[in-house]
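Undergrad: Input file: input-v4.csv. Contents: CSV, C-alpha atoms.
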chain,number,residue,atom,x,y,z
K,1,MET,CA,301.6,21.3,-14.2
K,2,ALA,CA,298.6,21.5,-16.6
K,3,LEU,CA,295.3,20.1,-15.4
K,4,SER,CA,294.0,17.0,-17.0
K,5,GLY,CA,290.5,16.2,-18.0
K,6,LYS,CA,290.2,14.0,-14.9
K,7,SER,CA,291.2,16.7,-12.4
K,8,ASP,CA,288.6,17.8,-9.8
K,9,LYS,CA,288.7,21.3,-11.1
K,10,VAL,CA,287.9,20.3,-14.7
K,11,LYS,CA,285.2,17.9,-13.5
K,12,ARG,CA,283.6,20.9,-11.8
K,13,LEU,CA,283.9,23.0,-14.9
K,14,ARG,CA,282.1,20.2,-16.8
K,15,LYS,CA,279.2,20.4,-14.3
K,16,LEU,CA,279.0,24.2,-14.7
K,17,ALA,CA,278.9,23.8,-18.5
K,18,HIS,CA,276.1,21.2,-18.5
K,19,LYS,CA,274.0,21.3,-15.3
K,20,ALA,CA,271.8,24.4,-14.8
K,21,GLY,CA,271.0,23.3,-11.2
K,22,PHE,CA,274.6,23.0,-10.3
K,23,ARG,CA,275.3,26.5,-11.7
K,24,HIS,CA,272.6,28.0,-9.5
K,25,VAL,CA,273.6,26.0,-6.3
K,26,GLU,CA,277.2,27.2,-6.8
K,27,GLY,CA,276.2,30.7,-7.9
K,28,LEU,CA,278.7,30.4,-10.8
K,29,PHE,CA,278.8,30.1,-14.5
K,30,LEU,CA,281.3,29.8,-17.4
K,31,VAL,CA,282.4,32.6,-19.6
K,32,GLU,CA,284.0,31.6,-22.9
K,33,GLY,CA,286.6,33.7,-24.8
K,34,ARG,CA,288.6,36.8,-24.4
K,35,ASN,CA,285.9,39.4,-25.4
K,36,SER,CA,283.4,38.1,-22.9
K,37,ILE,CA,286.0,37.8,-20.1
K,38,GLU,CA,287.2,41.4,-20.9
K,39,ALA,CA,283.5,42.5,-20.5
K,40,ALA,CA,283.3,40.8,-17.2
K,41,LEU,CA,286.5,42.5,-16.0
K,42,ARG,CA,285.3,45.9,-17.2
K,43,SER,CA,282.0,45.4,-15.3
K,44,ASN,CA,283.9,44.5,-12.1
K,45,ARG,CA,282.0,41.1,-12.0
K,46,LYS,CA,283.8,38.8,-9.6
K,47,LEU,CA,285.7,36.0,-11.3
K,48,GLU,CA,286.6,32.9,-9.4
K,49,ALA,CA,289.3,31.8,-11.8
K,50,ILE,CA,290.5,31.7,-15.4
K,51,TYR,CA,291.5,28.6,-17.3
K,52,THR,CA,293.7,28.5,-20.4
K,53,ALA,CA,294.8,26.1,-23.0
K,54,PRO,CA,298.5,25.8,-24.0
K,55,ASN,CA,297.7,27.5,-27.4
K,56,VAL,CA,296.5,30.9,-26.0
K,57,THR,CA,297.4,33.9,-28.1
K,58,ALA,CA,299.6,36.8,-27.1
K,59,THR,CA,296.5,38.9,-26.6
K,60,ASP,CA,295.1,36.2,-24.3
K,61,LEU,CA,298.3,36.3,-22.3
K,62,ARG,CA,297.9,40.0,-21.8
K,63,LEU,CA,294.4,39.4,-20.5
K,64,ILE,CA,295.8,36.7,-18.1
K,65,GLU,CA,298.4,39.2,-16.8
K,66,SER,CA,295.6,41.7,-16.2
K,67,ALA,CA,293.6,39.1,-14.3
K,68,GLU,CA,296.6,38.1,-12.2
K,69,ARG,CA,297.1,41.7,-11.2
K,70,ARG,CA,293.6,41.6,-9.8
K,71,LYS,CA,294.5,38.5,-7.8
K,72,ILE,CA,292.3,36.2,-10.0
K,73,PRO,CA,293.8,32.7,-10.0
K,74,THR,CA,294.7,31.2,-13.4
K,75,PHE,CA,295.2,27.6,-14.3
K,76,GLU,CA,296.5,25.9,-17.5
K,77,VAL,CA,294.8,22.8,-18.7
K,78,GLU,CA,296.0,20.2,-21.1
K,79,LEU,CA,295.4,20.7,-24.8
K,80,GLY,CA,291.9,19.7,-25.9
K,81,VAL,CA,290.3,19.9,-22.4
K,82,LEU,CA,288.7,23.3,-22.8
K,83,GLU,CA,287.5,22.4,-26.2
K,84,SER,CA,285.7,19.4,-24.8
K,85,LEU,CA,283.7,21.7,-22.4
K,86,GLN,CA,282.4,23.8,-25.2
K,87,ASP,CA,279.9,23.0,-27.9
K,88,SER,CA,280.6,26.0,-30.2
K,89,VAL,CA,282.0,25.8,-33.7
K,90,SER,CA,285.1,27.7,-32.7
K,91,PRO,CA,286.0,26.6,-29.1
K,92,GLN,CA,288.0,29.3,-27.2
K,93,PRO,CA,291.4,28.6,-25.6
K,94,ILE,CA,290.5,30.7,-22.5
K,95,LEU,CA,287.4,30.6,-20.2
K,96,ALA,CA,286.5,32.0,-16.8
K,97,VAL,CA,284.3,31.1,-13.9
K,98,ALA,CA,282.1,34.1,-13.0
K,99,GLU,CA,279.8,34.8,-10.1
K,100,ILE,CA,276.0,35.0,-10.6
K,101,LYS,CA,275.1,38.4,-9.5
K,102,LYS,CA,272.0,39.0,-7.4
K,103,PRO,CA,269.8,41.4,-9.6
K,104,ALA,CA,268.7,44.8,-8.3
K,105,SER,CA,265.0,45.1,-7.7
K,106,ILE,CA,262.9,46.6,-10.4
K,107,GLU,CA,261.5,49.9,-9.2
K,108,SER,CA,259.7,52.7,-11.0
K,109,GLY,CA,262.0,54.6,-13.3
K,110,SER,CA,263.7,51.5,-14.7
K,111,SER,CA,262.1,52.3,-18.1
K,112,THR,CA,261.8,49.1,-20.3
K,113,VAL,CA,261.8,45.7,-18.8
K,114,VAL,CA,261.9,42.5,-20.9
K,115,LEU,CA,259.9,39.5,-19.7
K,116,LEU,CA,260.7,36.1,-21.4
K,117,ASP,CA,257.7,33.8,-21.3
K,118,ASP,CA,258.8,30.2,-21.9
K,119,LEU,CA,261.5,31.3,-24.3
K,120,ARG,CA,263.6,28.2,-25.0
K,121,ASP,CA,266.3,29.0,-27.5
K,122,PRO,CA,269.6,30.1,-25.9
K,123,GLY,CA,270.6,32.1,-29.0
K,124,ASN,CA,267.4,34.1,-28.8
K,125,ALA,CA,267.8,34.7,-25.1
K,126,GLY,CA,271.4,35.9,-25.4
K,127,THR,CA,270.6,38.2,-28.3
K,128,ILE,CA,267.7,39.7,-26.3
K,129,ILE,CA,270.1,40.4,-23.4
K,130,ARG,CA,272.5,42.1,-25.8
K,131,SER,CA,269.7,44.2,-27.4
K,132,ALA,CA,268.5,45.2,-23.9
K,133,HIS,CA,272.0,46.4,-23.0
K,134,ALA,CA,272.3,48.3,-26.3
K,135,SER,CA,268.9,50.0,-26.0
K,136,GLY,CA,269.3,50.9,-22.3
K,137,ALA,CA,266.9,48.4,-20.8
K,138,LYS,CA,268.2,47.4,-17.4
K,139,HIS,CA,266.3,44.2,-16.6
K,140,VAL,CA,265.6,40.9,-18.4
K,141,VAL,CA,263.3,38.5,-16.5
K,142,PHE,CA,263.3,34.8,-17.4
K,143,SER,CA,260.3,32.6,-16.5
K,144,LYS,CA,261.2,29.3,-14.8
K,145,GLU,CA,260.1,27.6,-18.0
K,146,SER,CA,262.6,29.5,-20.1
K,147,VAL,CA,266.1,28.5,-20.9
K,148,ASP,CA,268.6,29.0,-18.1
K,149,PRO,CA,270.1,32.5,-18.5
K,150,TYR,CA,273.5,31.1,-17.5
K,151,ASN,CA,273.5,28.4,-20.2
K,152,PRO,CA,276.9,28.7,-22.0
K,153,LYS,CA,275.1,29.4,-25.3
K,154,VAL,CA,273.1,32.2,-23.8
K,155,ILE,CA,276.3,33.7,-22.4
K,156,ARG,CA,278.1,33.3,-25.7
K,157,SER,CA,275.2,35.0,-27.6
K,158,SER,CA,275.1,37.9,-25.2
K,159,VAL,CA,278.7,38.7,-26.1
K,160,GLY,CA,279.4,40.2,-22.7
K,161,SER,CA,276.2,42.1,-22.3
K,162,ILE,CA,275.1,39.6,-19.5
K,163,PHE,CA,277.4,41.6,-17.3
K,164,TYR,CA,275.6,44.9,-17.8
K,165,VAL,CA,272.0,43.9,-17.5
K,166,ASP,CA,270.2,42.7,-14.4
K,167,VAL,CA,269.0,39.1,-15.1
K,168,HIS,CA,266.1,37.7,-13.0
K,169,VAL,CA,264.7,34.2,-12.8
K,170,CYS,CA,261.0,34.2,-11.9
K,171,ASP,CA,259.0,31.3,-10.5
K,172,ASN,CA,255.6,32.8,-11.5
K,173,LEU,CA,255.8,35.3,-14.4
K,174,PRO,CA,252.1,36.4,-14.2
K,175,ILE,CA,252.3,37.3,-10.5
K,176,PHE,CA,255.7,39.0,-11.1
K,177,SER,CA,254.0,41.1,-13.9
K,178,GLU,CA,251.1,42.1,-11.6
K,179,LYS,CA,253.7,43.4,-9.1
K,180,LEU,CA,255.2,45.4,-11.9
K,181,LYS,CA,251.8,46.8,-12.7
K,182,SER,CA,251.3,47.8,-9.1
K,183,ARG,CA,254.5,49.9,-9.4
K,184,GLY,CA,253.2,51.8,-12.4
K,185,TYR,CA,254.4,49.6,-15.3
K,186,ARG,CA,252.3,49.0,-18.4
K,187,VAL,CA,252.7,45.4,-19.7
K,188,PHE,CA,252.7,44.7,-23.4
K,189,SER,CA,252.5,41.2,-24.8
K,190,THR,CA,253.7,40.5,-28.4
K,191,ALA,CA,251.6,38.8,-31.0
K,192,ALA,CA,251.3,38.6,-34.8
K,193,ASP,CA,247.7,39.9,-34.4
K,194,GLY,CA,248.5,42.4,-31.6
K,195,GLU,CA,246.1,45.3,-30.9
K,196,GLU,CA,248.7,48.0,-31.6
K,197,VAL,CA,251.5,48.4,-34.1
K,198,TYR,CA,254.6,48.6,-32.0
K,199,TYR,CA,255.7,52.0,-33.3
K,200,GLY,CA,252.3,53.5,-32.7
K,201,ALA,CA,252.2,52.4,-29.0
K,202,ASN,CA,253.3,54.7,-26.2
K,203,LEU,CA,256.5,53.0,-25.0
K,204,VAL,CA,257.8,56.1,-23.1
K,205,GLY,CA,258.1,55.6,-19.3
K,206,ASP,CA,257.9,52.3,-17.4
K,207,CYS,CA,256.8,49.4,-19.5
K,208,ALA,CA,257.4,45.7,-19.7
K,209,VAL,CA,257.5,43.8,-23.0
K,210,VAL,CA,256.6,40.1,-23.0
K,211,VAL,CA,258.4,37.9,-25.5
K,212,GLY,CA,256.9,34.4,-25.9
K,213,ASN,CA,257.9,31.0,-26.8
K,214,GLU,CA,259.4,30.6,-30.3
K,215,ALA,CA,256.7,28.1,-31.5
K,216,HIS,CA,253.6,29.0,-29.4
K,217,GLY,CA,254.0,32.7,-28.6
K,218,VAL,CA,253.0,34.4,-25.3
K,219,THR,CA,251.0,32.1,-22.9
K,220,ASP,CA,247.3,32.7,-22.2
K,221,GLU,CA,248.1,33.7,-18.6
K,222,MET,CA,250.5,36.5,-19.7
K,223,ARG,CA,248.1,37.7,-22.4
K,224,GLU,CA,245.5,38.1,-19.7
K,225,VAL,CA,247.9,40.1,-17.5
K,226,ALA,CA,249.0,42.4,-20.4
K,227,ASP,CA,247.5,45.8,-20.7
K,228,SER,CA,247.8,45.6,-24.5
K,229,SER,CA,249.5,43.6,-27.2
K,230,LEU,CA,252.0,44.7,-29.9
K,231,ARG,CA,252.3,43.5,-33.4
K,232,ILE,CA,255.1,44.1,-35.9
K,233,PRO,CA,253.7,44.6,-39.5
K,234,THR,CA,255.2,42.2,-42.0
K,235,LYS,CA,254.4,41.2,-45.6
K,236,SER,CA,251.4,39.0,-45.9
K,237,ASP,CA,253.3,35.9,-46.7
K,238,LEU,CA,255.4,36.0,-43.5
K,239,GLU,CA,253.7,34.9,-40.3
K,240,SER,CA,256.0,36.5,-37.7
K,241,LEU,CA,259.5,37.5,-37.0
K,242,ASN,CA,262.1,35.6,-34.9
K,243,ALA,CA,261.6,36.3,-31.2
K,244,SER,CA,264.9,38.1,-30.7
K,245,MET,CA,264.4,40.2,-33.8
K,246,ALA,CA,260.9,41.2,-32.6
K,247,ALA,CA,262.2,42.1,-29.1
K,248,THR,CA,265.1,44.1,-30.6
K,249,LEU,CA,262.7,46.2,-32.8
K,250,ILE,CA,260.5,47.0,-29.9
K,251,LEU,CA,263.4,47.8,-27.5
K,252,PHE,CA,264.9,50.2,-30.0
K,253,GLU,CA,261.6,51.8,-30.7
K,254,ALA,CA,261.2,52.4,-26.9
K,255,MET,CA,264.7,54.0,-26.9
K,256,ARG,CA,263.8,56.2,-29.8
K,257,GLN,CA,260.6,57.4,-28.2
K,258,ARG,CA,262.3,58.2,-24.9
K,259,SER,CA,264.9,60.3,-26.8
K,260,LEU,CA,262.2,62.6,-28.5
In C-alpha cells, what does this structure look like?

TA:
Amino acid sequence: MALSGKSDKVKRLRKLAHKAGFRHVEGLFLVEGRNSIEAALRSNRKLEAIYTAPNVTATDLRLIESAERRKIPTFEVELGVLESLQDSVSPQPILAVAEIKKPASIESGSSTVVLLDDLRDPGNAGTIIRSAHASGAKHVVFSKESVDPYNPKVIRSSVGSIFYVDVHVCDNLPIFSEKLKSRGYRVFSTAADGEEVYYGANLVGDCAVVVGNEAHGVTDEMREVADSSLRIPTKSDLESLNASMAATLILFEAMRQRSL
C-alpha cells in the first residue's frame, strides 16, 4: 500500500526537507532525482531508503531494481506526496534518504580547500561543491553562519558532487583557518580590490580559498587571517562576479597551475 502524506515515514521526510537541525541530529538528508541518487550509489554512500511516486519512469524503475539488489528498502507514496516535499520547479518522482558522511581530516597534500564564509545562497553553495569536485578540490568547509550544506537546494545544485567532496561544518572559521596555516596551507581571501590578480597568484600546493557572503564579501576576521587576497579583473562598470562563478574561476586556475 502506498504511503500517505500523514504516514510517520512521510512526516519524517518532511522534517528532513525543512529542518537543518533535524538533519544533523539524524545524520541524514534528502536526495532528489535519479541522477543524484545514481551518483550516491556510485560513490557507495549509504542510503537508508528510496521513496517513489506512482508515476516513475522506466529508467527510475531500473534504478529501484539496482537499489533493491543492494538491499536498500524502497517505498511507494501516494501521488503528489513527494512533490509536496520539494520546492523545485520540476519535482522529482523519486528521492532517497542518504547518510551524512563524517569528512576526512584536512592534512597537507590536500591541495585546494574552499572555505565558505557566511555564504547564504544554497544555489551558490551547491555550484561551488560541484566546481570543487570538477577541479579536484577535495574539501569544502562551511562556516556555521553559512547555509546548511545538506539543504535540499544545495544538494540539488551540486548535482551529485556532494558525494565526492568532503563537506565540513565549522564552528569558528578563523580558528579553523589558523589550523590549516599551521599545516602549511596558504589562505587567500577573495575581494573586488584584492592584492593579487587570481591568475598571477601562486595557487600550486596547499592553499585555502575563502569565498564570502554574497552581499558583504569576506568577513573582517577572515581577511585578517588570510595571507593574501585575490581579485578577478572585470570591466569597470561591473563591481564583482557572483560568488560561485568567482570560486569556480579560482578553482580551475589552481587546477591549471598544478598541471603545468

Undergrad: Per residue of stretch 135-177 of chain K within 8 Å of stretch 219-236 of chain K, record the nearest atom pair and its distance in Å to one decimal, counting only C-alpha atoms, with rows in chain order and ascending residue number, as a Markdown table.

TA:
| residue | atom | partner | partner_atom | distance |
| --- | --- | --- | --- | --- |
| K:Leu173 | CA | K:Met222 | CA | 7.6 |
| K:Pro174 | CA | K:Met222 | CA | 5.7 |
| K:Ser177 | CA | K:Val225 | CA | 7.2 |

Undergrad: Go through K:Leu79, K:Ala17, K:Val25, K:Ile129 one by one, measure the shortest atom-to-atom distance of each to K:Ser4 using only C-alpha atoms, and give the residue with the smallest value.

TA: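 For K:Ser4, the nearest of the given residues is K:Leu79.
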
Undergrad: At most 8 Å is the cut-off: for each residue in stretch 53-117 of chain K with any atom that close to an atom of stretch 135-146 of chain K, write down the nearest atom pair and the distance in Å rounded to one decimal, counting all atoms listed in the file, chain first then increasing number, as JSON lines.

TA:
{"residue": "K:Ile106", "atom": "CA", "partner": "K:His139", "partner_atom": "CA", "distance": 7.5}
{"residue": "K:Ser110", "atom": "CA", "partner": "K:Lys138", "partner_atom": "CA", "distance": 6.7}
{"residue": "K:Ser111", "atom": "CA", "partner": "K:Ala137", "partner_atom": "CA", "distance": 6.7}
{"residue": "K:Thr112", "atom": "CA", "partner": "K:Ala137", "partner_atom": "CA", "distance": 5.2}
{"residue": "K:Val113", "atom": "CA", "partner": "K:His139", "partner_atom": "CA", "distance": 5.2}
{"residue": "K:Val114", "atom": "CA", "partner": "K:Val140", "partner_atom": "CA", "distance": 4.7}
{"residue": "K:Leu115", "atom": "CA", "partner": "K:Val141", "partner_atom": "CA", "distance": 4.8}
{"residue": "K:Leu116", "atom": "CA", "partner": "K:Phe142", "partner_atom": "CA", "distance": 4.9}
{"residue": "K:Asp117", "atom": "CA", "partner": "K:Ser143", "partner_atom": "CA", "distance": 5.6}

Undergrad: For K:Ala134, list every protein, DNA or RNA residue within 12 Å, evaluated using all atoms listed in the file, and leave out those in the same chain fewer than 6 positions away; present the list as number ranges by chain.

TA: K: 127-128, 158-162, 164-165, 248-249, 251-252, 254-255

Undergrad: Taking C-alpha atoms for each residue, export the selection above as a PDB file, in the frame of the given file.

TA:
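selection-v2.pdb written:
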ATOM      1  CA  THR K 127     270.600  38.200 -28.300  1.00  0.00           C
ATOM      2  CA  ILE K 128     267.700  39.700 -26.300  1.00  0.00           C
ATOM      3  CA  SER K 158     275.100  37.900 -25.200  1.00  0.00           C
ATOM      4  CA  VAL K 159     278.700  38.700 -26.100  1.00  0.00           C
ATOM      5  CA  GLY K 160     279.400  40.200 -22.700  1.00  0.00           C
ATOM      6  CA  SER K 161     276.200  42.100 -22.300  1.00  0.00           C
ATOM      7  CA  ILE K 162     275.100  39.600 -19.500  1.00  0.00           C
ATOM      8  CA  TYR K 164     275.600  44.900 -17.800  1.00  0.00           C
ATOM      9  CA  VAL K 165     272.000  43.900 -17.500  1.00  0.00           C
ATOM     10  CA  THR K 248     265.100  44.100 -30.600  1.00  0.00           C
ATOM     11  CA  LEU K 249     262.700  46.200 -32.800  1.00  0.00           C
ATOM     12  CA  LEU K 251     263.400  47.800 -27.500  1.00  0.00           C
ATOM     13  CA  PHE K 252     264.900  50.200 -30.000  1.00  0.00           C
ATOM     14  CA  ALA K 254     261.200  52.400 -26.900  1.00  0.00           C
ATOM     15  CA  MET K 255     264.700  54.000 -26.900  1.00  0.00           C
TER      16      MET K 255
END

Undergrad: What separation in Å, quoted to one decimal, exists between atom CA of K:Pro122 and atom CA of K:Ser244?

TA: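 Atom CA of K:Ser244 lies 10.4 Å from atom CA of K:Pro122.
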
Undergrad: Quote the spacing between atom CA of K:Val167 and atom CA of K:Val147 in Å to one decimal place.

TA: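 It comes out at 12.4 Å.
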
Undergrad: Could you name the residues that touch stretch 90-99 of chain K at 6 Å or less, counting all atoms listed in the file, but leaving out those on the same chain fewer than 5 positions away, as a list in words?

TA: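 Close residues of stretch 90-99 of chain K: Gly27, Leu28, Phe29, Leu30, Val31, Glu32, Gly33, Lys46, Leu47, Glu48, Ala49, Ile50, Tyr51, Thr52, Ala53, Val56 and Glu83 of chain K.
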
Undergrad: I'd like to know which of K:Val187, K:Leu63, K:Ile175, K:Ala58 is closest to K:Leu41, using only C-alpha atoms.

TA: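 Closest to K:Leu41, using only C-alpha atoms: K:Leu63.
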
Undergrad: I need the residue nearest K:Val169 from this list: K:Pro103, K:Gly80, K:Gly21, K:Pro152. Use only C-alpha atoms for the distance.

TA: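 Among K:Pro103, K:Gly80, K:Gly21, K:Pro152, it is K:Pro103 that comes nearest to K:Val169.
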
Undergrad: Given only C-alpha atoms as the basis, pick out the residue of K:Ser189, K:Ile72, K:His24, K:Phe163 nearest to K:Ala132.

TA: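 The shortest atom-to-atom distance to K:Ala132 comes from K:Phe163.
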
Undergrad: Would you please work out which residue, of K:Asn55, K:Ser108, K:Ser88, K:Ser36, is nearest to K:Gly184 when using all atoms listed in the file?

TA: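 Smallest distance to K:Gly184 is found for K:Ser108.
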
Undergrad: Of the candidates K:Asp87, K:Ala246, K:Ala192, K:Val77, which shows the shortest atom-to-atom distance to K:Val209, using all atoms listed in the file?

TA: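 Checking each candidate against K:Val209, we get K:Ala246 as the closest.
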
Undergrad: What separation in Å, quoted to one decimal, exists between atom CA of K:Leu3 and atom CA of K:Glu78?

TA: 5.7 Å
